[in-house]
Amino acid sequence: MDAEKLQAQFHRTLSVASAAFQKVPGSSVLTRYIQSSYQNDPVRSAIELILVLFFVRYLLSPSYSTDKQNYVKLTEDEIDELVDDWVPEPLVAEQTALEALENERIPVIVGPTGPKSKLSNGRTVTNLASYNFYNFNANEQIKEKAVQILRTYGVGPCGPPQFYGTQDVHVKAEADIAAYLGTERCIVYAQAFSTISSVIPSFCKRGDIIVADRAVNFSIRKGLEASRSVVKWFDHGDMDNLDAIMSSVAKEQAKAKRLTRRFIVTEGLFETVGDASDLPKLIELKEKHKFRLILDETWSFGVLGRTGRGLTEAQNVDPQQVDMIIGSLAGPLCAGGGFCAGAKDVVEHQRITSTAYTYSAALPAMLAVTASETVNLLQSNPEILNQCRENIKAMRAQLDPRSDWVICTSVPENPVMLLVLKPEVVQARKLGVEDQERILMDCVEEALANGVLITRLKTRPFAYAMKSPGSSSSAQPALKVCITTALSKKDIEKAGTTIRHAITKVMTRKTTSKSA
């Protein structure tokens, strides 16, 4: 009786399942296929059933054995011994003696930054360590506008762009910069350093080819590292070497029948050297070998050209021939943040994929308006750039040809004058990088003691950045002298004389101490 009930229950369950299966779309087709397959070739049906069961079991089985113990079982004493012996690596490397000394000597400015700045020790010094080339931060028109915007919009947007942080002043700033440069669109970032280091990985991915100048700055190197692309380096400013590398890349990809995105990454004015790129030649090579060009104009925007539009204006190149132009709003424009200008598609792509744009709060409205105002001032008053260049000439006349110890590597139009020790001085005294750093630090201190504030190129971060094969792990140590229009020619010449005498005093003191 129990067997009959069980059989009846089985038939009912089978009927219910069959009725439910028949309601599934396509079930009748599958049923006819199985019936015809079984009638025509029952062996094949059996094999198919076995394969289906094997496939189901394979999907449900774990990817590793759960029966075998594939680890070494340790005793409690062994575990305690390993824990006691483990020493975690420090999150930050210990300061070197040079870094500790430098941090002790950092001057602190009280009040606004200007041509004459007051330090926390009460002294007033001539400030040649600021990027305030045109003294825009003392412009009354800009200050009044900034206060008005601060009262209207508040301190900050408190949100990322594209969500709830974009304000009308951001849109206007982007339009003003694009019109100023002559590009189709522009996107504004909240932080200058992270602009280029985020733009590069937005377009360059694993497997892509990047050809970069060996002298590119630290933020570019961080972008190259984040992109995980194949990076090839060409000798600084050597267009023949660049041509050879690009040709080699093109031939290798043609031979392998593999095409990836290919980029040239370089600077307009080089932060670590001070010289300029040959943009017409770069355009020629990029079009010849079918590469895209990413140009970092952080140090040339607002500086080069008749109206400060940068390297494109200075070398008479159509800005739309450059795929991406990156710049800073935090230097001569006395605002904050950075930008990337280019074609519409290039800009809109970054609004979704650029980490520094998507995951950062938008630029404060006051800084966006300041950028718009200073761009308009440069456009309407190009004579201010000529005044700055006259002051650069006056400073160079006091330093470069008249000093026995240093030489200026910056181009004549660059208001950031980089002074490096002459090669013959380095060789004669057998000076290493750290020795040069100490000498230049003493030069900064000596100049400050005589009332002139200058600074040094920061080379330490390069020790932790992506390095080009065969090159030094550090940039060339250098003094940085920043020129401003806020000082008269007489003040500039006096400051230049002070710097030259400070360098001479330190170098002769070093000679005396060594000979003693």
# chains A, B, ... in the order shown; residues from 1 in each chain; ligands from 1
call {"tool": "residues_around", "arguments": {"residues": "Ile439 (chain A)", "least_positions_apart": "6", "cutoff": "10 Å", "atoms": "only C-alpha atoms", "output": "compact mmCIF listing (two decimals) with C-alpha atoms, in the first residue's frame"}}
result
# COMPACT_ATOMS: atom_id res chain seq x y z
CA LEU A 421 76.58 74.72 -10.33
CA LEU A 431 80.53 67.04 -5.74
CA GLU A 445 70.54 80.90 3.85
CA PRO A 477 70.02 70.40 -7.78
CA ILE A 503 76.94 82.26 -3.82
CA VAL A 506 79.53 80.14 0.24
CA MET A 507 81.70 78.67 -2.52
CA LYS A 510 83.74 75.77 1.12
call {"tool": "select_by_dssp", "arguments": {"residues": "region 109-321 of chain A", "states": "strand (DSSP E)", "output": "VMD selection string"}}
result
chain A and resid 109 to 110 116 to 119 124 to 127 185 to 189 209 to 213 230 to 234 262 to 267 292 to 296
call {"tool": "write_last_selection", "arguments": {"atoms": "N, CA and C atoms", "output": "tab-separated table (two decimals), in the first residue's frame"}}
result
chain	number	residue	atom	x	y	z
A	109	ILE	N	56.24	83.13	6.30
A	109	ILE	CA	55.79	84.48	5.93
A	109	ILE	C	54.55	84.85	6.74
A	110	VAL	N	54.54	86.04	7.27
A	110	VAL	CA	53.39	86.55	8.02
A	110	VAL	C	52.67	87.58	7.15
A	116	LYS	N	57.75	92.43	-1.19
A	116	LYS	CA	58.38	92.60	0.11
A	116	LYS	C	57.53	91.86	1.14
A	117	SER	N	58.09	90.82	1.73
A	117	SER	CA	57.33	89.97	2.64
A	117	SER	C	57.93	90.02	4.05
A	118	LYS	N	57.02	89.98	5.03
A	118	LYS	CA	57.46	89.98	6.42
A	118	LYS	C	57.53	88.55	6.93
A	119	LEU	N	58.65	88.20	7.56
A	119	LEU	CA	58.84	86.85	8.10
A	119	LEU	C	58.43	86.80	9.56
A	124	THR	N	61.80	91.98	7.21
A	124	THR	CA	61.15	92.16	5.91
A	124	THR	C	62.19	91.90	4.83
A	125	VAL	N	61.86	91.02	3.88
A	125	VAL	CA	62.83	90.61	2.86
A	125	VAL	C	62.24	90.80	1.47
A	126	THR	N	63.12	90.87	0.48
A	126	THR	CA	62.70	90.88	-0.92
A	126	THR	C	62.35	89.45	-1.32
A	127	ASN	N	61.12	89.24	-1.73
A	127	ASN	CA	60.63	87.88	-1.98
A	127	ASN	C	60.82	87.50	-3.45
A	185	ARG	N	37.26	73.06	-26.13
A	185	ARG	CA	36.70	72.96	-24.78
A	185	ARG	C	37.81	73.00	-23.74
A	186	CYS	N	37.39	73.07	-22.48
A	186	CYS	CA	38.33	73.06	-21.35
A	186	CYS	C	37.64	72.48	-20.13
A	187	ILE	N	38.40	71.81	-19.30
A	187	ILE	CA	37.88	71.27	-18.03
A	187	ILE	C	38.78	71.77	-16.91
A	188	VAL	N	38.18	72.23	-15.81
A	188	VAL	CA	38.94	72.79	-14.68
A	188	VAL	C	38.98	71.78	-13.54
A	189	TYR	N	40.17	71.57	-13.01
A	189	TYR	CA	40.39	70.69	-11.87
A	189	TYR	C	40.60	71.51	-10.60
A	209	ILE	N	51.33	52.70	-25.54
A	209	ILE	CA	52.72	53.15	-25.63
A	209	ILE	C	52.80	54.63	-25.32
A	210	ILE	N	53.69	55.00	-24.39
A	210	ILE	CA	53.95	56.40	-24.06
A	210	ILE	C	55.43	56.66	-24.27
A	211	VAL	N	55.75	57.69	-25.04
A	211	VAL	CA	57.14	58.13	-25.21
A	211	VAL	C	57.28	59.46	-24.49
A	212	ALA	N	58.12	59.49	-23.45
A	212	ALA	CA	58.22	60.68	-22.59
A	212	ALA	C	59.65	61.20	-22.55
A	213	ASP	N	59.76	62.51	-22.36
A	213	ASP	CA	61.07	63.16	-22.19
A	213	ASP	C	61.66	62.75	-20.84
A	230	VAL	N	53.21	51.04	-21.33
A	230	VAL	CA	54.61	50.81	-21.67
A	230	VAL	C	55.26	52.17	-21.92
A	231	VAL	N	56.22	52.54	-21.09
A	231	VAL	CA	56.83	53.87	-21.18
A	231	VAL	C	58.22	53.75	-21.80
A	232	LYS	N	58.46	54.51	-22.85
A	232	LYS	CA	59.78	54.62	-23.46
A	232	LYS	C	60.26	56.06	-23.31
A	233	TRP	N	61.55	56.22	-23.07
A	233	TRP	CA	62.09	57.55	-22.76
A	233	TRP	C	63.01	58.03	-23.87
A	234	PHE	N	62.88	59.30	-24.23
A	234	PHE	CA	63.83	59.87	-25.18
A	234	PHE	C	64.68	60.92	-24.47
A	262	ARG	N	49.01	55.45	-28.86
A	262	ARG	CA	50.40	55.87	-28.72
A	262	ARG	C	50.44	57.37	-28.41
A	263	PHE	N	51.24	57.74	-27.41
A	263	PHE	CA	51.26	59.12	-26.93
A	263	PHE	C	52.69	59.63	-26.79
A	264	ILE	N	52.85	60.94	-27.00
A	264	ILE	CA	54.06	61.67	-26.59
A	264	ILE	C	53.67	62.51	-25.39
A	265	VAL	N	54.48	62.46	-24.32
A	265	VAL	CA	54.22	63.27	-23.12
A	265	VAL	C	55.45	64.12	-22.85
A	266	THR	N	55.26	65.43	-22.80
A	266	THR	CA	56.37	66.32	-22.52
A	266	THR	C	55.85	67.62	-21.91
A	267	GLU	N	56.75	68.55	-21.62
A	267	GLU	CA	56.39	69.83	-21.00
A	267	GLU	C	56.64	70.99	-21.96
A	292	ARG	N	49.58	60.70	-30.42
A	292	ARG	CA	48.87	61.82	-29.82
A	292	ARG	C	49.84	62.56	-28.89
A	293	LEU	N	49.62	63.86	-28.73
A	293	LEU	CA	50.53	64.68	-27.93
A	293	LEU	C	49.84	65.22	-26.69
A	294	ILE	N	50.42	64.92	-25.52
A	294	ILE	CA	49.97	65.48	-24.24
A	294	ILE	C	51.04	66.48	-23.80
A	295	LEU	N	50.68	67.76	-23.77
A	295	LEU	CA	51.63	68.83	-23.46
A	295	LEU	C	51.30	69.46	-22.11
A	296	ASP	N	52.23	69.36	-21.17
A	296	ASP	CA	52.04	69.97	-19.85
A	296	ASP	C	52.60	71.39	-19.87
call {"tool": "select_by_dssp", "arguments": {"residues": "region 243-347 of chain A", "states": "helix (DSSP H, G or I)", "output": "PyMOL selection string"}}
result
chain A and resi 243-256+279-289+311-314+319-321+344-347
call {"tool": "residues_around", "arguments": {"residues": "Leu418 (chain A)", "least_positions_apart": "3", "cutoff": "12 Å", "atoms": "only C-alpha atoms", "output": "PyMOL selection string"}}
result
chain A and resi 129+269-275+392+395-396+399-400+406-412+414-415+421+440+454-458+476-483
call {"tool": "residues_around", "arguments": {"residues": "Thr504 (chain A)", "least_positions_apart": "6", "cutoff": "9 Å", "atoms": "only C-alpha atoms", "output": "list in words"}}
result
Ser403, Asp404, Trp405 and Cys443 of chain A
call {"tool": "residues_around", "arguments": {"residues": "Ala371 (chain A)", "least_positions_apart": "4", "cutoff": "10 Å", "atoms": "only C-alpha atoms", "output": "list in words"}}
result
Ile142, His170, Ala173, Glu174, Asp176, Ile177, Ser328, Leu329, Ala330, Pro332, Leu333, Cys334, Ala335, Gly336, Gly337, Gly338, Ala365, Met366, Leu367, Val375, Asn376 and Leu377 of chain A
call {"tool": "atom_distance", "arguments": {"atom1": "CA of Val43 (chain A)", "atom2": "CA of Arg12 (chain A)"}}
result
29.3 Å
call {"tool": "closest_residue", "arguments": {"among": "A:Ala502, A:Leu385, A:Ala138, A:Met466", "to": "Leu224 (chain A)", "atoms": "only C-alpha atoms"}}
result
A:Met466
call {"tool": "decode", "arguments": {"residues": "region 206-224 of chain A", "atoms": "N, CA and C atoms", "output": "short mmCIF file (atom, residue, chain, number, x, y, z; two decimals), in the first residue's frame"}}
result
data_model
loop_
_atom_site.label_atom_id
_atom_site.label_comp_id
_atom_site.auth_asym_id
_atom_site.auth_seq_id
_atom_site.Cartn_x
_atom_site.Cartn_y
_atom_site.Cartn_z
N ARG A 206 46.87 49.95 -19.78
CA ARG A 206 47.85 48.88 -19.89
C ARG A 206 47.99 48.45 -21.36
N GLY A 207 49.22 48.35 -21.83
CA GLY A 207 49.47 47.95 -23.21
C GLY A 207 49.67 49.11 -24.16
N ASP A 208 49.22 50.31 -23.79
CA ASP A 208 49.44 51.49 -24.64
C ASP A 208 50.91 51.91 -24.57
N ILE A 209 51.33 52.70 -25.54
CA ILE A 209 52.72 53.15 -25.63
C ILE A 209 52.80 54.63 -25.32
N ILE A 210 53.69 55.00 -24.39
CA ILE A 210 53.95 56.40 -24.06
C ILE A 210 55.43 56.66 -24.27
N VAL A 211 55.75 57.69 -25.04
CA VAL A 211 57.14 58.13 -25.21
C VAL A 211 57.28 59.46 -24.49
N ALA A 212 58.12 59.49 -23.45
CA ALA A 212 58.22 60.68 -22.59
C ALA A 212 59.65 61.20 -22.55
N ASP A 213 59.76 62.51 -22.36
CA ASP A 213 61.07 63.16 -22.19
C ASP A 213 61.66 62.75 -20.84
N ARG A 214 62.96 62.50 -20.81
CA ARG A 214 63.60 62.05 -19.56
C ARG A 214 63.55 63.11 -18.46
N ALA A 215 63.31 64.37 -18.81
CA ALA A 215 63.35 65.45 -17.82
C ALA A 215 61.97 65.84 -17.31
N VAL A 216 60.92 65.07 -17.60
CA VAL A 216 59.57 65.48 -17.19
C VAL A 216 59.48 65.53 -15.66
N ASN A 217 58.52 66.33 -15.18
CA ASN A 217 58.41 66.61 -13.76
C ASN A 217 57.80 65.45 -12.97
N PHE A 218 57.73 65.63 -11.67
CA PHE A 218 57.29 64.57 -10.75
C PHE A 218 55.83 64.19 -10.97
N SER A 219 54.96 65.17 -11.19
CA SER A 219 53.53 64.87 -11.35
C SER A 219 53.28 64.07 -12.63
N ILE A 220 54.04 64.34 -13.70
CA ILE A 220 53.91 63.54 -14.92
C ILE A 220 54.34 62.11 -14.64
N ARG A 221 55.42 61.95 -13.92
CA ARG A 221 55.92 60.59 -13.61
C ARG A 221 54.90 59.80 -12.81
N LYS A 222 54.20 60.46 -11.90
CA LYS A 222 53.15 59.75 -11.14
C LYS A 222 52.01 59.34 -12.07
N GLY A 223 51.69 60.18 -13.05
CA GLY A 223 50.66 59.82 -14.03
C GLY A 223 51.08 58.66 -14.90
N LEU A 224 52.35 58.65 -15.32
CA LEU A 224 52.87 57.54 -16.12
C LEU A 224 52.81 56.24 -15.33
#
